[in-house]
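K.L.:
Right, I'll just put the structure down here and ask away after.
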Amino acid sequence: MRRRSVLKTVAGAAMIPVAAGCTSSGSKSSSSSASGSASSSSSSQTYSLDFDSSSYTTLSKTVNTGSGSKKVTYRFYRNNVYVQHPVNYKYQSLNISVPVEIDGKAVNAAKAPIMFAINVGGYTSSSSWGATAQGGGTSEGSAGGGFSGGASAGGASSGGAPTGSGAPGASGASGSSSGGGAGGAAAGASSVGLGSSMGSSWTSYDNGEVALANGYVVVEPGCRGRDQKSSGTNGTYYGKAPAAIVDLKAAIRYLRHNKDRIPGNQDWIISSGGSAGGALSSLVGASGNSSLYDADLKALGAADGDDNVWLSACYSPITDLDHADGQYEWMWSTLTYQAMGAPGGAGSSSASSSGSSTVNQTYSSQLKEQFATYQKGLALPGIDSFGTLTADNYASYMMKAYLIPSATTALSKTLTSSERTAYLAKNTWITWSNGKASFTWDNFLKHVGTRMKTAPAFDTFDLSAAENIEFGSETVNARHFTLYSLRHASGNQSAQLDSDLPKKINQMNPMYHLESKNSSRAKHWWLRTGTLDTNTAHTVVCNLAAITTQLGDQVNSGLYWDGGHAVNYDAPDLFAWIAKLTGYSAT
């Protein structure tokens with residue numbers, strides 16, 4: 001068994017970084033500066049889209065890669081505004097880190113993969129402006145899936161690590177890819193449910209750091225979010241949907257506009273994020289080059305060019321929002337609701353005080369019926385020749401393709417024999433025989449224990465959820481985005497969504513683009529969530545895996561056993577997969 005220690009954790013809505021196990025040092029090579037300067041964050045100035053390759057700081061940091069530590073020397077290019085007409089340049093800018101030396105050996109990153117690290121929690125604003133090192137951006141919400149504290153004083157993180165813990169065993173579907181996920185984990189209690197009783201110390205990874213240590217170019221973009229409002233008594237909201245995805249597309253176009261100035265292979269761009277960041281990573285992957293965003297991109301003065309990516313890595317993506325309430329009830333309807341004020345993840349509960357209760361079963365049943373209709377309409381075959389997925393057979397499918405393999409991997413490969421014995425003694429609902437775990441669906445749900453959200457979970461009747469706020473307008477902070485909640489809250493069974501919402505809902509849903517068979521989508525997918533995560537239903541990840549597999553993409557999907565929200569336990573496996581697919585090696 002491999003013993004690992006926790007590298008970093010993220011806690012709290014402010015995304016405060018903890019940089020244990022990581023050191024940085026730097027020397028100035030030339031003064032860092034923005035592509036254009038302005039005296040205020042909201043400026044009418046026109047910015048150049050040409051990247052200044054002469055303006056960087058040379059820094060170094062030590063990174064734990066899972067197979068040992070590596071000292072990386074890299075050039076840090078900061079404060080690059082990526083659109084000509086930003087609404088807020090401090091959020092519509094990006095930082096770039098280019099490795100030049102790893103463990104004393106020179107590295108040429110000219111043809112390296114590019115890690116596009118999306119640091120967004122709760123669909124809130126994210127900024128890399130002012131960071132002094134890789135991993136120094138800030139997000140107003142809790143991210144995950146490879147986002148943890150950076151080495152700079154600038155704030156939170158970049159590209160791919162956890163917010164919750166638990167114990168691992170990412171095992172499940174490989175789709176049409178070669179090899180499945182396995183191994184790795186993080187320390188501490190699970191972010192939800194009864195908590196994990198697995199093992200002691202497990203690793204959580206930051207994909208931005210690990211990418212740098214593998215010789216990749218690392219890009220950390222900021223983007224607007226649902227929390228932003230212009231100043232003044234008549235201030236307007238400027239970060240509602242689809243602002244975040246539009247900004248991220250503009251950032252990718254900026255990279256390609258500067259393909260002769262920025263090192264890295266623009267054909268190997270990898271998006272990565274957790275929670276809402278995972279949702280945006282899936283959306284970047286699914287919506288490449290879609291004309292649905294052209295008007296928004298043009299208004300910002302984004303570069304002309306492609307905005308598709310090669311691989312999308314998504315950890316606990318809070319997505320498929322217009323169908324998420326039905327999926328949540330199908331998955332978690334039997335669990336009691338544990339009010340926690342403002343729980344982590346992309347969504348929030350309408351409750352403001354602690355306490356446990358059963359959700360309204362009428363609402364829950366109605367929403368489950370919606371899921372059954374939705375899933376039937378998708379007509380998705382499960383992986384490994386399972387057959388068409390329906391509400392009636394989805395539990396059996398998830399057990400066979402994900403949960404049983406995940407538990408088996410954790411018990412056989414993550415724990416020692418003595419630890420496995422102790423774990424099974426505490427979890428007598430699991431049977432261990434001939435090297436394989438077995439249990440029932442009902443007992444798995446009892447193990448999870450409680451749900452984080454009420455019913456409906458995402459389009460709440462009182463407009464308190466993060467997603468209600470995400471779909472606000474310039475003048476209205478929060479709106480309903482499903483007919484079910486709108487009509488229930490208004491008491492008008494003929495009520496219709498605001499006329500601008502259908503397009504924005506499509507702009508924010510990767511399934512819309514995947515159902516449309518977008519030919520410019522990512523053709524490689526890395527999909528993960530924790531088995532104890534009740535921020536959304538596991539069907540979200542499983543459906544993403546099923547539809548991308550159906551489209552012929554290479555898909556590596558799995559669940560981390562006893563893992564919480566947006567954790568990233570098997571980054572070494574992701575980078576091994578990328579190396580196999582690309583043949584790239586920094587040495």
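FYI, nothing fancy with the structure tokens labels: chains A, B, ... in order, residues from 1 per chain, ligands from 1 as they appear.
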Mind the document's chain letters and residue numbers, and return as a list in words the residues of segment 423-499 of chain A that DSSP labels strand (DSSP E or B).
P.N.:
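Taking segment 423-499 of chain A and keeping strand (DSSP E or B) only, one gets Thr431, Trp432, Ser433, Lys436, Ala437, Ser438, Thr450 and Arg451 of chain A.
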K.L.:
For Gly435 of chain A, list every protein, DNA or RNA residue within 10 Å, evaluated using only C-alpha atoms, and leave out those in the same chain fewer than 5 positions away; present the list as a list of chain:residue names.
P.N.:
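That gives A:Thr408, A:Thr409, A:Leu411, A:Ser412.
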K.L.:
Residues of the last selection are to be written out with N, CA and C atoms, as an mmCIF file, in the first residue's frame.
P.N.:
data_model
loop_
_atom_site.group_PDB
_atom_site.id
_atom_site.type_symbol
_atom_site.label_atom_id
_atom_site.label_comp_id
_atom_site.auth_asym_id
_atom_site.auth_seq_id
_atom_site.Cartn_x
_atom_site.Cartn_y
_atom_site.Cartn_z
ATOM 1 N N THR A 408 -14.336 -1.795 -4.050
ATOM 2 C CA THR A 408 -13.377 -2.884 -4.191
ATOM 3 C C THR A 408 -11.965 -2.346 -4.339
ATOM 4 N N THR A 409 -11.802 -1.311 -5.149
ATOM 5 C CA THR A 409 -10.480 -0.708 -5.323
ATOM 6 C C THR A 409 -9.964 -0.141 -4.012
ATOM 7 N N LEU A 411 -10.769 -0.954 -0.924
ATOM 8 C CA LEU A 411 -10.494 -1.978 0.077
ATOM 9 C C LEU A 411 -9.314 -2.865 -0.298
ATOM 10 N N SER A 412 -9.080 -3.052 -1.575
ATOM 11 C CA SER A 412 -8.012 -3.962 -1.998
ATOM 12 C C SER A 412 -6.689 -3.265 -2.266
#
K.L.:
Any idea what's packed within 12 Å of Gly583 of chain A, counting only C-alpha atoms, ignoring anything in its chain fewer than 5 positions away? Could you give it as a list of chain:residue names?
P.N.:
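Non-adjacent residues within range: A:Lys111, A:Ala112, A:Pro113, A:Trp268, A:Phe575, A:Ala576, A:Trp577, A:Ile578.
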K.L.:
Using 8 Å as the limit and counting only C-alpha atoms, can you tabulate each residue of segment 268-288 of chain A that touches segment 121-131 of chain A, with its shortest atom-to-atom distance in Å and the two atoms involved, as JSON lines?
P.N.:
{"residue": "A:Gly274", "atom": "CA", "partner": "A:Gly121", "partner_atom": "CA", "distance": 7.7}
{"residue": "A:Ser275", "atom": "CA", "partner": "A:Gly121", "partner_atom": "CA", "distance": 6.4}
{"residue": "A:Ala276", "atom": "CA", "partner": "A:Gly121", "partner_atom": "CA", "distance": 5.3}
{"residue": "A:Gly277", "atom": "CA", "partner": "A:Gly121", "partner_atom": "CA", "distance": 6.1}
K.L.:
Given the choices A:Arg451, A:Lys70, A:Lys446, A:His524, which gets closest to Ala211 of chain A if the distance is worked out from only C-alpha atoms?
P.N.:
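Of all the options, A:Lys70 lies closest to Ala211 of chain A.
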K.L.:
So that I can see what lies close to Asn518 of chain A, please list as number ranges by chain the residues with an atom at most 8 Å from it, counting only C-alpha atoms and leaving out residues fewer than 6 positions away in the same chain.
P.N.:
A: 286-288, 290
K.L.:
Residues as selected, N, CA, C and O atoms, written as an mmCIF file, in the first residue's frame, can you do that?
P.N.:
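Output file out.cif follows:
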data_model
loop_
_atom_site.group_PDB
_atom_site.id
_atom_site.type_symbol
_atom_site.label_atom_id
_atom_site.label_comp_id
_atom_site.auth_asym_id
_atom_site.auth_seq_id
_atom_site.Cartn_x
_atom_site.Cartn_y
_atom_site.Cartn_z
ATOM 1 N N ALA A 286 -17.459 20.708 -23.813
ATOM 2 C CA ALA A 286 -18.594 20.333 -24.668
ATOM 3 C C ALA A 286 -18.916 21.370 -25.729
ATOM 4 O O ALA A 286 -19.426 21.034 -26.795
ATOM 5 N N SER A 287 -18.652 22.645 -25.447
ATOM 6 C CA SER A 287 -19.165 23.733 -26.285
ATOM 7 C C SER A 287 -18.150 24.342 -27.234
ATOM 8 O O SER A 287 -18.389 25.414 -27.789
ATOM 9 N N GLY A 288 -17.017 23.691 -27.422
ATOM 10 C CA GLY A 288 -15.953 24.271 -28.240
ATOM 11 C C GLY A 288 -16.446 24.834 -29.562
ATOM 12 O O GLY A 288 -17.154 24.178 -30.312
ATOM 13 N N SER A 290 -18.684 26.814 -30.408
ATOM 14 C CA SER A 290 -20.113 26.993 -30.642
ATOM 15 C C SER A 290 -20.428 28.453 -30.971
ATOM 16 O O SER A 290 -19.938 29.372 -30.308
#
K.L.:
Might you pull out every residue within 10 Å of Thr334 of chain A, with only C-alpha atoms counted and same-chain residues fewer than 3 positions away left off, and present them as a list in words?
P.N.:
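After dropping sequence-adjacent residues, the list is Glu329, Trp330, Met331, Tyr337, Thr358, Val359, Gln361, Ser364, Asp442, Leu445, Lys446, Gly449, Thr450 and Arg451 of chain A.
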K.L.:
Pick the closest to Arg479 of chain A from A:Val217, A:Leu551, A:Leu463, A:Ala133: which is it, counting only C-alpha atoms?
P.N.:
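Using only C-alpha atoms, Arg479 of chain A sits closest to A:Leu463.
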K.L.:
Using only C-alpha atoms, find the one residue out of A:Ser520, A:Asn95, A:Thr428, A:Asn477 that sits nearest to Ala241 of chain A.
P.N.:
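Residue with the minimum atom-to-atom distance to Ala241 of chain A: A:Asn477.
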